[in-house]
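Trainee: Dropping in final-v8.cif, with mmCIF, C-alpha atoms.
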data_query
loop_
_atom_site.group_PDB
_atom_site.id
_atom_site.type_symbol
_atom_site.label_atom_id
_atom_site.label_comp_id
_atom_site.auth_asym_id
_atom_site.auth_seq_id
_atom_site.Cartn_x
_atom_site.Cartn_y
_atom_site.Cartn_z
ATOM 1 C CA MET X 1 -9.017 -8.182 21.247
ATOM 2 C CA TYR X 2 -6.324 -10.571 20.113
ATOM 3 C CA SER X 3 -3.201 -9.548 18.299
ATOM 4 C CA ALA X 4 -1.143 -11.397 15.736
ATOM 5 C CA SER X 5 2.591 -11.554 15.398
ATOM 6 C CA VAL X 6 3.956 -11.163 11.902
ATOM 7 C CA HIS X 7 7.475 -12.323 11.167
ATOM 8 C CA LEU X 8 9.364 -11.174 8.077
ATOM 9 C CA SER X 9 12.511 -13.227 7.613
ATOM 10 C CA GLU X 10 15.636 -11.738 6.105
ATOM 11 C CA VAL X 11 16.225 -13.214 2.671
ATOM 12 C CA ALA X 12 18.353 -12.488 -0.359
ATOM 13 C CA VAL X 13 16.393 -10.447 -2.896
ATOM 14 C CA PRO X 14 17.204 -9.078 -6.343
ATOM 15 C CA ALA X 15 18.915 -5.665 -6.484
ATOM 16 C CA THR X 16 15.689 -4.103 -7.800
ATOM 17 C CA ARG X 17 13.893 -4.851 -4.541
ATOM 18 C CA SER X 18 14.732 -3.811 -1.037
ATOM 19 C CA ARG X 19 16.164 -6.302 1.411
ATOM 20 C CA LYS X 20 13.727 -7.889 3.836
ATOM 21 C CA VAL X 21 14.243 -7.704 7.570
ATOM 22 C CA ARG X 22 12.679 -9.579 10.445
ATOM 23 C CA LYS X 23 10.062 -7.596 12.382
ATOM 24 C CA ASN X 24 7.862 -8.554 15.297
ATOM 25 C CA LEU X 25 4.600 -6.612 15.233
ATOM 26 C CA ARG X 26 1.563 -6.665 17.484
ATOM 27 C CA LEU X 27 -1.424 -6.348 15.153
ATOM 28 C CA SER X 28 -5.164 -6.740 15.464
ATOM 29 C CA GLN X 29 -5.945 -10.261 14.229
ATOM 30 C CA HIS X 30 -9.348 -9.034 13.013
ATOM 31 C CA LYS X 31 -7.752 -6.310 10.869
ATOM 32 C CA LEU X 32 -5.149 -8.719 9.546
ATOM 33 C CA ASP X 33 -7.784 -11.330 8.648
ATOM 34 C CA ARG X 34 -9.937 -8.676 6.973
ATOM 35 C CA ALA X 35 -7.010 -7.309 4.947
ATOM 36 C CA LYS X 36 -5.993 -10.846 3.970
ATOM 37 C CA ARG X 37 -9.524 -11.553 2.718
ATOM 38 C CA ILE X 38 -9.793 -8.240 0.840
ATOM 39 C CA LEU X 39 -6.353 -8.548 -0.754
ATOM 40 C CA GLY X 40 -6.738 -12.256 -1.488
ATOM 41 C CA THR X 41 -3.325 -13.020 -0.033
ATOM 42 C CA GLU X 42 -2.191 -16.420 1.210
ATOM 43 C CA THR X 43 0.000 -15.443 4.168
ATOM 44 C CA GLU X 44 0.022 -12.761 6.819
ATOM 45 C CA THR X 45 3.444 -11.585 5.637
ATOM 46 C CA GLU X 46 2.154 -11.201 2.072
ATOM 47 C CA THR X 47 -0.837 -9.296 3.461
ATOM 48 C CA VAL X 48 1.358 -6.810 5.314
ATOM 49 C CA GLU X 49 3.651 -6.425 2.277
ATOM 50 C CA GLN X 50 0.729 -5.651 -0.047
ATOM 51 C CA ALA X 51 -0.849 -3.274 2.454
ATOM 52 C CA LEU X 52 2.435 -1.348 2.699
ATOM 53 C CA ASP X 53 2.664 -1.256 -1.107
ATOM 54 C CA LEU X 54 -0.851 0.214 -1.205
ATOM 55 C CA VAL X 55 0.132 2.948 1.261
ATOM 56 C CA ALA X 56 3.090 3.900 -0.948
ATOM 57 C CA PHE X 57 0.862 3.823 -4.055
ATOM 58 C CA ARG X 58 -1.704 6.046 -2.302
ATOM 59 C CA GLU X 59 1.005 8.622 -1.679
ATOM 60 C CA GLU X 60 1.942 8.571 -5.383
ATOM 61 C CA VAL X 61 -1.708 8.980 -6.447
ATOM 62 C CA ILE X 62 -2.244 11.912 -4.085
ATOM 63 C CA ALA X 63 0.952 13.623 -5.278
ATOM 64 C CA GLY X 64 -0.086 13.143 -8.907
ATOM 65 C CA ALA X 65 -3.585 14.462 -8.253
ATOM 66 C CA ARG X 66 -2.144 17.536 -6.550
ATOM 67 C CA ARG X 67 0.159 18.191 -9.511
ATOM 68 C CA LEU X 68 -2.725 17.722 -11.923
ATOM 69 C CA ALA X 69 -5.039 19.944 -9.885
ATOM 70 C CA GLY X 70 -2.524 22.771 -10.206
ATOM 71 C CA SER X 71 -2.148 22.378 -13.964
ATOM 72 C CA LYS X 72 -3.859 24.671 -16.460
ATOM 73 C CA SER X 73 -5.141 21.745 -18.523
ATOM 74 C CA LEU X 74 -7.291 20.403 -15.680
ATOM 75 C CA ARG X 75 -8.778 23.833 -14.984
ATOM 76 C CA ASP X 76 -9.654 24.146 -18.688
ATOM 77 C CA ILE X 77 -11.400 20.737 -18.672
ATOM 78 C CA LEU X 78 -13.359 21.584 -15.538
ATOM 79 C CA ARG X 79 -14.362 24.990 -16.890
ATOM 80 C CA THR X 80 -15.492 23.824 -20.332
ATOM 81 C CA GLY X 81 -16.649 20.302 -19.491
ATOM 82 C CA PRO X 82 -15.967 17.147 -21.500
ATOM 83 C CA GLU X 83 -15.910 17.367 -25.259
#
Take the structure I supplied and represent it as structure tokens, if you would.

Mentor:
Amino acid sequence: MYSASVHLSEVAVPATRSRKVRKNLRLSQHKLDRAKRILGTETETETVEQALDLVAFREEVIAGARRLAGSKSLRDILRTGPE
């Protein structure tokens, strides 16, 4: 299995975004190519960035679902069914 090296160069970014740093990663080229195709990204760096964003979003969705699952309103909907 071959691996790919991904290089993120340090660049100036707006204050609303975090600063980018250079990283050397050994990744499966097959996984990177697959993610690039699925995400429709142009570069390997963009692919890794979007994949990391999706991991963070997944965490937010899970946390929200857990909060909702503990709320009385969801239990009422599940008990009575849709209106």

Trainee: Once you add 5 Å to each side, what are the centre and edge lengths of the axis-aligned box holding all listed atoms of stretch 17-36 of chain X? One decimal in Å, as lines of an AutoDock Vina configuration file, if you can.

Mentor:
center_x = 3.1
center_y = -7.6
center_z = 6.5
size_x = 36.1
size_y = 17.5
size_z = 32.0

Trainee: Report as a list in words all protein, DNA and RNA residues lying within 9 Å of X:Thr41, evaluated on all atoms listed in the file, omitting residues in the same chain fewer than 6 positions from it.

Mentor: Ala35, Thr47 and Gln50 of chain X

Trainee: Using atom CA of X:Glu60 and atom CA of X:Ile38 as the two end points, give the distance in Å to one decimal.

Mentor: 21.4 Å

Trainee: Any idea what the distance is between atom CA of X:Arg58 and atom CA of X:Lys23?

Mentor: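 Interatomic distance, atom CA of X:Arg58 to atom CA of X:Lys23: 23.2 Å.
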
Trainee: Report, in Å to a single decimal, how far apart atom CA of X:Asp33 and atom CA of X:Lys20 are.

Mentor: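 Atom CA of X:Asp33 lies 22.3 Å from atom CA of X:Lys20.
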
Trainee: When you count all atoms listed in the file, which of these residues is closest to X:Glu44: X:Ala69, X:Ala56, X:Ala63, X:Leu27?

Mentor: X:Leu27
